[in-house]
>>> print(open('data_30.txt').read())   # compact mmCIF, C-alpha atoms and all ligand atoms
# COMPACT_ATOMS: atom_id res chain seq x y z
CA MET G 1 -28.24 -4.83 45.93
CA ASP G 2 -31.15 -4.86 43.47
CA TYR G 3 -31.09 -3.25 39.99
CA HIS G 4 -32.53 0.12 41.07
CA ALA G 5 -30.24 0.47 44.07
CA ALA G 6 -27.21 -0.45 41.93
CA ARG G 7 -28.19 2.06 39.28
CA ALA G 8 -28.78 4.83 41.83
CA ALA G 9 -25.35 4.11 43.38
CA LEU G 10 -23.75 4.27 39.94
CA GLU G 11 -25.49 7.54 39.07
CA TRP G 12 -24.39 9.01 42.38
CA GLN G 13 -20.78 8.04 41.56
CA MET G 14 -21.13 9.68 38.13
CA GLU G 15 -22.47 12.86 39.69
CA LEU G 16 -19.37 12.93 41.86
CA GLY G 17 -17.30 12.84 38.69
CA ALA G 18 -16.45 9.13 38.31
CA ASP G 19 -16.02 8.29 34.63
CA GLU G 20 -14.41 4.85 34.82
CA PRO G 21 -15.41 1.78 36.84
CA ILE G 22 -12.46 0.25 38.68
CA GLY G 23 -12.72 -2.86 40.87
CA ASP G 24 -11.56 -3.04 44.48
CA LEU G 25 -9.00 -5.75 43.67
CA PRO G 26 -6.50 -5.98 40.79
CA VAL G 27 -7.38 -8.46 38.02
CA ASN G 28 -4.71 -10.47 36.22
CA ARG G 29 -6.09 -10.40 32.64
CA TYR G 30 -3.60 -13.03 31.45
CA GLU G 31 -5.06 -15.57 33.85
CA VAL G 32 -8.62 -14.64 32.92
CA ALA G 33 -7.82 -14.96 29.19
CA ALA G 34 -6.40 -18.43 29.71
CA GLU G 35 -9.64 -19.56 31.36
CA VAL G 36 -12.02 -18.16 28.74
CA PRO G 37 -13.02 -20.87 26.24
CA LYS G 38 -12.47 -20.02 22.60
CA PRO G 39 -15.60 -18.79 20.81
CA ALA G 40 -17.28 -21.31 18.52
CA ALA G 41 -16.48 -19.24 15.39
CA VAL G 42 -12.73 -19.62 15.99
CA VAL G 43 -12.97 -23.36 16.64
CA GLU G 44 -15.26 -23.96 13.64
CA PRO G 45 -13.12 -23.79 10.44
CA VAL G 46 -16.06 -23.38 8.04
CA ALA G 47 -17.40 -20.33 9.87
CA ALA G 48 -13.91 -18.84 10.15
CA ALA G 49 -13.21 -19.08 6.42
CA GLU G 50 -13.88 -15.64 4.85
CA ALA G 51 -15.40 -15.63 1.39
CA ASP G 52 -13.28 -13.89 -1.27
CA PRO G 53 -15.18 -10.62 -1.91
CA VAL G 54 -14.12 -10.47 -5.57
CA GLU G 55 -15.30 -14.03 -6.20
CA VAL G 56 -18.59 -13.28 -4.44
CA ALA G 57 -18.99 -10.20 -6.66
CA ARG G 58 -18.18 -12.25 -9.77
CA GLN G 59 -20.80 -14.85 -8.99
CA ALA G 60 -23.38 -12.23 -8.03
CA ALA G 61 -22.80 -10.20 -11.20
CA ALA G 62 -22.96 -13.34 -13.35
CA ALA G 63 -26.43 -14.07 -11.95
CA ALA G 64 -27.83 -10.74 -13.21
CA THR G 65 -30.21 -11.05 -16.14
CA GLY G 66 -30.47 -7.38 -17.09
CA LEU G 67 -29.86 -3.86 -15.79
CA GLU G 68 -32.66 -3.94 -13.25
CA SER G 69 -31.55 -7.23 -11.81
CA LEU G 70 -27.91 -6.05 -11.79
CA ALA G 71 -28.90 -2.96 -9.79
CA GLU G 72 -30.82 -5.10 -7.32
CA ILE G 73 -27.99 -7.60 -6.93
CA GLN G 74 -25.24 -4.99 -6.66
CA SER G 75 -27.13 -2.92 -4.11
CA ALA G 76 -27.38 -6.01 -1.90
CA TYR G 77 -23.62 -6.74 -2.10
CA GLU G 78 -22.32 -6.53 1.45
CA HIS G 79 -18.54 -6.86 1.20
CA CYS G 80 -17.74 -3.25 0.36
CA GLU G 81 -17.12 -1.16 3.49
CA ILE G 82 -17.97 2.09 1.66
CA ARG G 83 -21.59 0.96 1.45
CA LYS G 84 -22.02 1.39 5.21
CA GLY G 85 -21.41 5.14 5.20
CA ALA G 86 -23.47 5.96 2.10
CA ARG G 87 -27.02 7.23 2.11
CA ASN G 88 -27.98 5.92 -1.29
CA PHE G 89 -26.99 3.34 -3.86
CA VAL G 90 -26.18 5.26 -7.06
CA PHE G 91 -26.53 2.97 -10.06
CA ALA G 92 -26.87 4.93 -13.31
CA ASP G 93 -28.70 7.60 -15.23
CA GLY G 94 -29.56 8.24 -18.86
CA ASN G 95 -30.60 6.08 -21.76
CA PRO G 96 -29.43 2.43 -21.73
CA GLU G 97 -29.75 2.43 -25.54
CA ALA G 98 -27.08 5.14 -25.82
CA ARG G 99 -24.08 4.60 -28.07
CA VAL G 100 -21.89 6.43 -25.55
CA MET G 101 -21.49 5.25 -21.96
CA ILE G 102 -19.64 7.35 -19.38
CA LEU G 103 -17.87 5.61 -16.54
CA GLY G 104 -17.13 8.01 -13.69
CA GLU G 105 -15.41 7.55 -10.34
CA ALA G 106 -17.84 7.58 -7.44
CA PRO G 107 -20.83 9.58 -6.20
CA GLY G 108 -20.12 12.78 -4.32
CA ARG G 109 -22.31 14.46 -1.71
CA ASP G 110 -25.04 15.58 -4.14
CA GLU G 111 -25.19 12.22 -5.91
CA ASP G 112 -25.34 10.38 -2.58
CA ARG G 113 -28.26 12.58 -1.55
CA GLU G 114 -30.16 12.18 -4.83
CA GLY G 115 -29.23 8.61 -5.75
CA ARG G 116 -28.23 9.67 -9.29
CA PRO G 117 -24.75 10.02 -10.78
CA PHE G 118 -23.24 13.35 -11.81
CA VAL G 119 -25.88 15.75 -10.51
CA GLY G 120 -23.57 18.16 -8.66
CA ARG G 121 -21.41 20.93 -10.15
CA ALA G 122 -19.13 18.48 -11.96
CA GLY G 123 -22.21 16.72 -13.35
CA GLN G 124 -23.65 19.98 -14.65
CA LEU G 125 -20.39 20.68 -16.45
CA LEU G 126 -20.41 17.13 -17.83
CA ASP G 127 -23.92 17.71 -19.23
CA ARG G 128 -22.79 20.97 -20.88
CA MET G 129 -19.68 19.34 -22.34
CA PHE G 130 -21.58 16.52 -23.98
CA SER G 131 -24.46 18.67 -25.10
CA ALA G 132 -21.83 20.64 -27.09
CA ILE G 133 -21.37 17.51 -29.24
CA GLY G 134 -25.09 16.80 -29.38
CA LEU G 135 -25.35 14.17 -26.62
CA ALA G 136 -27.64 14.25 -23.57
CA ARG G 137 -28.67 11.81 -20.86
CA THR G 138 -32.30 12.79 -21.43
CA ALA G 139 -32.26 12.08 -25.18
CA HIS G 140 -34.55 9.31 -26.46
CA HIS G 141 -32.72 8.49 -29.64
CA ALA G 142 -29.64 6.27 -29.14
CA ASP G 143 -27.53 8.46 -31.47
CA GLU G 144 -28.04 11.50 -29.24
CA ALA G 145 -28.16 9.77 -25.89
CA LEU G 146 -25.76 9.25 -23.00
CA TYR G 147 -25.70 6.57 -20.36
CA ILE G 148 -23.84 7.44 -17.16
CA THR G 149 -22.56 5.31 -14.32
CA ASN G 150 -19.63 5.15 -11.89
CA VAL G 151 -17.12 2.53 -10.81
CA MET G 152 -18.31 2.89 -7.21
CA PRO G 153 -22.06 2.99 -6.59
CA TRP G 154 -21.58 4.34 -3.05
CA ARG G 155 -20.03 7.62 -1.90
CA PRO G 156 -16.66 7.05 -0.25
CA PRO G 157 -16.23 8.80 3.12
CA GLN G 158 -14.94 12.37 2.68
CA ASN G 159 -14.89 11.69 -1.08
CA ARG G 160 -11.62 9.79 -0.72
CA ASP G 161 -10.32 7.76 -3.66
CA PRO G 162 -11.56 4.17 -3.64
CA GLU G 163 -8.89 1.64 -2.60
CA PRO G 164 -7.65 -0.93 -5.14
CA ASP G 165 -9.46 -3.77 -3.31
CA GLU G 166 -12.71 -1.77 -3.40
CA ILE G 167 -12.30 -1.18 -7.14
CA ALA G 168 -11.56 -4.90 -7.63
CA MET G 169 -14.82 -5.81 -5.85
CA MET G 170 -16.84 -3.54 -8.12
CA LEU G 171 -15.15 -4.58 -11.34
CA PRO G 172 -17.34 -7.66 -12.01
CA PHE G 173 -20.43 -5.44 -11.64
CA VAL G 174 -19.00 -2.76 -13.94
CA THR G 175 -18.07 -5.40 -16.53
CA ARG G 176 -21.61 -6.77 -16.50
CA HIS G 177 -23.03 -3.24 -16.61
CA VAL G 178 -21.04 -2.50 -19.79
CA GLU G 179 -22.14 -5.84 -21.28
CA PHE G 180 -25.81 -5.03 -20.75
CA VAL G 181 -25.61 -1.48 -22.11
CA ASN G 182 -23.29 -2.55 -24.92
CA PRO G 183 -22.21 0.96 -25.97
CA ASP G 184 -20.17 1.72 -29.09
CA ILE G 185 -17.86 3.98 -27.10
CA LEU G 186 -16.90 4.11 -23.46
CA VAL G 187 -15.65 7.33 -21.83
CA LEU G 188 -13.35 6.76 -18.85
CA MET G 189 -13.86 9.87 -16.78
CA GLY G 190 -10.85 10.24 -14.49
CA ASN G 191 -8.35 8.00 -12.75
CA THR G 192 -10.61 5.52 -10.98
CA PRO G 193 -12.28 4.23 -14.18
CA CYS G 194 -8.84 4.01 -15.83
CA ALA G 195 -7.60 1.99 -12.86
CA ALA G 196 -10.68 -0.26 -13.08
CA ALA G 197 -10.85 -0.73 -16.85
CA LEU G 198 -7.20 -0.43 -17.92
CA GLY G 199 -5.34 -1.28 -14.72
CA LYS G 200 -3.51 2.07 -15.06
CA ARG G 201 -3.64 5.54 -13.55
CA GLY G 202 -2.24 8.81 -14.86
CA ILE G 203 -5.21 10.45 -16.52
CA LEU G 204 -3.21 13.47 -17.70
CA ARG G 205 -1.03 11.11 -19.73
CA LEU G 206 -3.84 8.76 -20.82
CA ARG G 207 -6.42 11.35 -21.85
CA GLY G 208 -7.03 11.96 -25.50
CA HIS G 209 -5.64 8.58 -26.60
CA TRP G 210 -8.04 5.91 -27.82
CA THR G 211 -7.67 2.64 -26.00
CA GLU G 212 -9.77 -0.49 -25.53
CA ALA G 213 -11.78 -1.31 -22.43
CA PHE G 214 -14.26 -4.15 -21.94
CA GLY G 215 -13.73 -5.09 -25.59
CA ARG G 216 -14.71 -1.72 -27.12
CA PRO G 217 -13.13 1.64 -27.95
CA ALA G 218 -12.57 3.78 -24.90
CA MET G 219 -11.52 7.40 -24.50
CA PRO G 220 -9.96 8.47 -21.18
CA MET G 221 -10.86 12.07 -20.31
CA THR G 222 -10.04 14.42 -17.47
CA HIS G 223 -12.82 14.50 -14.91
CA PRO G 224 -15.12 17.57 -14.97
CA ALA G 225 -14.25 18.20 -11.30
CA TYR G 226 -10.64 18.60 -12.45
CA LEU G 227 -11.77 20.96 -15.22
CA LEU G 228 -13.61 23.09 -12.67
CA ARG G 229 -10.36 23.48 -10.75
CA ASN G 230 -8.20 23.84 -13.88
CA PRO G 231 -10.21 25.70 -16.52
CA ALA G 232 -7.18 25.83 -18.83
CA ALA G 233 -7.53 22.06 -19.31
CA LYS G 234 -10.95 22.57 -20.96
CA ARG G 235 -9.27 23.12 -24.32
CA GLU G 236 -7.91 19.54 -24.28
CA ALA G 237 -11.23 18.17 -23.06
CA TRP G 238 -12.91 19.87 -26.00
CA ALA G 239 -10.45 18.15 -28.36
CA ASP G 240 -11.35 14.81 -26.71
CA LEU G 241 -15.06 15.49 -27.20
CA LEU G 242 -14.49 16.22 -30.87
CA GLU G 243 -12.60 12.91 -31.17
CA ILE G 244 -15.60 11.09 -29.72
CA LYS G 245 -17.97 12.87 -32.06
CA ALA G 246 -15.80 12.00 -35.09
CA ARG G 247 -15.47 8.36 -34.07
CA LEU G 248 -19.24 8.03 -33.58
CA LYS G 249 -19.80 9.47 -37.04
CA GLY G 250 -17.32 7.07 -38.58
CA MET G 251 -18.87 3.99 -36.97
CA PRO G 252 -21.66 2.06 -38.66
N1 LIG V 1 -17.93 12.43 -9.82
C1 LIG V 1 -18.04 11.20 -10.35
O1 LIG V 1 -17.07 10.62 -10.82
N2 LIG V 1 -19.25 10.65 -10.38
C2 LIG V 1 -20.32 11.25 -9.91
O2 LIG V 1 -21.40 10.66 -9.98
C3 LIG V 1 -20.19 12.53 -9.37
C4 LIG V 1 -18.98 13.12 -9.32
>>> encode(input="data_30.txt", output="C-alpha cells")
Amino acid sequence: MDYHAARAALEWQMELGADEPIGDLPVNRYEVAAEVPKPAAVVEPVAAAEADPVEVARQAAAAATGLESLAEIQSAYEHCEIRKGARNFVFADGNPEARVMILGEAPGRDEDREGRPFVGRAGQLLDRMFSAIGLARTAHHADEALYITNVMPWRPPQNRDPEPDEIAMMLPFVTRHVEFVNPDILVLMGNTPCAAALGKRGILRLRGHWTEAFGRPAMPMTHPAYLLRNPAAKREAWADLLEIKARLKGMP
C-alpha cells in the first residue's frame, strides 16, 4: 500500500468513528522493551549529568557587567520552567540611580503583556503610595526616584506563587541586580521577596520592621494587591511609608 492509499484507508476508518489504532495481533511490550537498545544519552554519563540550575544562575549572574548585560543574561537563562509560559521578560522600571529600590513578587497579566513591572491595578496603587512620600519611578533626581523590579522576571502560570526552587534560581540574579543599583533602602513588597531576601515568609508579621537584606536596610511591606483586597491594612502601609521617608531623610 503506498502513502496515499494508506492515508485514504486511515481517513475512511476515522470517518467511521475509529479514534485509536489497534494492531491485529497482541504485542508483548515487555519483550519489545528488552530488545530496544538504550538511547545514547542514558549510556553517556556526561550527557546524563544535569547542571545545577542555581550554580548555572550564579555563574551567569557573575558574568554580568552592568544592568543591561544582566537583563540580557537573565533573559537567556533557560532553567526556569516559568519562562516557557510567559509572553515577556519583565526586568525593571524606573531610575537606576534611585535611593529606593522596590523588590516585588512576579509579573501579573498586565506586566507580562507590557514587559514592565507593576503596571496593573496593584502597580497603580504602588505609584500612588510612593508618590505620597515624594517618590516616583519617573523622577530624574535620585532623591525622588524609585527603581522597581521583581524576584521573578516571568509571569507564573495562573499567577501562582513561585516555588522555592524557582526563587533559588533567581536569587543570584536578584543579588546582582541589587549590587548594580546599589540603593540606600530596599522595599520587600510581599512574601516572595521576603522568602528570597530573608529566607522567611509571613509578611503580616514582618511588615513595618526594619531588617537587612543584601547588606542594606530593608523594609518589608504588604503588597499593594493585598491592600486592594484589604483596604483596612492601608493605615499600616502608610506608617511603613513614613518610616521609609524618615530613614531616607536621616541618611547621608
Ligand atoms: N505584583 C508584583 O509583585 N509585581 C508586579 O510586577 C506586578 C504585580
>>> closest_residue(input="data_30.txt", among="G:Arg155, G:Arg201, G:Lys249, G:His209", to="ligand LIG 1 (chain V)", atoms="all atoms listed in the file")
G:Arg155
>>> closest_residue(input="data_30.txt", among="G:Phe89, G:Tyr3, G:Phe214, G:Phe173", to="G:Ala62", atoms="only C-alpha atoms")
G:Phe173
>>> closest_residue(input="data_30.txt", among="G:Ala197, G:Glu55, G:Arg99, G:Pro153", to="G:Ala76", atoms="only C-alpha atoms")
G:Pro153
>>> residues_near_ligand(input="data_30.txt", ligand="ligand LIG 1 (chain V)", cutoff="6 Å", atoms="only C-alpha atoms and all ligand atoms", output="PyMOL selection string")
chain G and resi 104-108+111+117-118+122+150
>>> closest_residue(input="data_30.txt", among="G:Met169, G:Arg160, G:His177, G:Ala8", to="G:Thr65", atoms="all atoms listed in the file")
G:His177
>>> decode(input="data_30.txt", residues="stretch 83-110 of chain G", atoms="N, CA and C atoms", output="tab-separated table (two decimals), in the first residue's frame")
chain	number	residue	atom	x	y	z
G	83	ARG	N	9.48	30.45	32.58
G	83	ARG	CA	9.84	31.23	31.38
G	83	ARG	C	9.03	30.78	30.15
G	84	LYS	N	8.77	29.45	30.09
G	84	LYS	CA	8.14	28.90	28.88
G	84	LYS	C	6.73	29.42	28.66
G	85	GLY	N	6.01	29.70	29.77
G	85	GLY	CA	4.62	30.13	29.60
G	85	GLY	C	4.46	31.64	29.54
G	86	ALA	N	5.55	32.38	29.70
G	86	ALA	CA	5.43	33.85	29.76
G	86	ALA	C	5.55	34.47	28.37
G	87	ARG	N	4.85	35.59	28.20
G	87	ARG	CA	4.97	36.30	26.92
G	87	ARG	C	6.21	37.14	26.88
G	88	ASN	N	6.51	37.79	28.00
G	88	ASN	CA	7.61	38.76	28.03
G	88	ASN	C	8.51	38.55	29.23
G	89	PHE	N	9.74	38.95	29.08
G	89	PHE	CA	10.70	39.02	30.17
G	89	PHE	C	10.52	40.41	30.79
G	90	VAL	N	10.25	40.43	32.10
G	90	VAL	CA	9.98	41.71	32.78
G	90	VAL	C	11.15	42.00	33.71
G	91	PHE	N	11.99	42.93	33.34
G	91	PHE	CA	13.24	43.14	34.09
G	91	PHE	C	13.06	44.20	35.18
G	92	ALA	N	12.77	45.43	34.80
G	92	ALA	CA	12.72	46.51	35.80
G	92	ALA	C	12.10	47.75	35.18
G	93	ASP	N	11.83	48.72	36.04
G	93	ASP	CA	11.36	50.02	35.57
G	93	ASP	C	11.86	51.08	36.55
G	94	GLY	N	11.91	52.31	36.10
G	94	GLY	CA	12.29	53.39	37.00
G	94	GLY	C	13.72	53.84	36.78
G	95	ASN	N	14.22	54.51	37.80
G	95	ASN	CA	15.52	55.18	37.69
G	95	ASN	C	16.59	54.37	38.45
G	96	PRO	N	17.58	53.83	37.75
G	96	PRO	CA	18.60	53.01	38.43
G	96	PRO	C	19.46	53.80	39.41
G	97	GLU	N	19.33	55.13	39.38
G	97	GLU	CA	20.07	55.96	40.36
G	97	GLU	C	19.30	56.12	41.66
G	98	ALA	N	18.08	55.60	41.70
G	98	ALA	CA	17.19	55.84	42.85
G	98	ALA	C	17.80	55.36	44.16
G	99	ARG	N	17.46	56.05	45.23
G	99	ARG	CA	17.91	55.62	46.56
G	99	ARG	C	17.03	54.49	47.09
G	100	VAL	N	15.82	54.39	46.54
G	100	VAL	CA	14.89	53.34	47.00
G	100	VAL	C	14.61	52.35	45.86
G	101	MET	N	14.81	51.08	46.17
G	101	MET	CA	14.55	50.02	45.19
G	101	MET	C	13.45	49.13	45.74
G	102	ILE	N	12.44	48.88	44.93
G	102	ILE	CA	11.34	48.01	45.33
G	102	ILE	C	11.53	46.63	44.70
G	103	LEU	N	11.44	45.62	45.55
G	103	LEU	CA	11.52	44.25	45.04
G	103	LEU	C	10.14	43.61	45.22
G	104	GLY	N	9.47	43.36	44.10
G	104	GLY	CA	8.13	42.77	44.13
G	104	GLY	C	8.21	41.26	43.95
G	105	GLU	N	7.06	40.67	43.64
G	105	GLU	CA	6.98	39.20	43.58
G	105	GLU	C	7.23	38.68	42.17
G	106	ALA	N	6.28	38.93	41.29
G	106	ALA	CA	6.37	38.41	39.93
G	106	ALA	C	5.39	39.19	39.06
G	107	PRO	N	5.64	39.26	37.77
G	107	PRO	CA	4.68	39.97	36.90
G	107	PRO	C	3.32	39.28	36.91
G	108	GLY	N	2.29	40.06	36.77
G	108	GLY	CA	0.94	39.53	36.57
G	108	GLY	C	0.60	39.63	35.08
G	109	ARG	N	-0.70	39.53	34.79
G	109	ARG	CA	-1.12	39.52	33.38
G	109	ARG	C	-0.72	40.81	32.65
G	110	ASP	N	-0.98	41.96	33.29
G	110	ASP	CA	-0.70	43.24	32.62
G	110	ASP	C	0.80	43.44	32.40
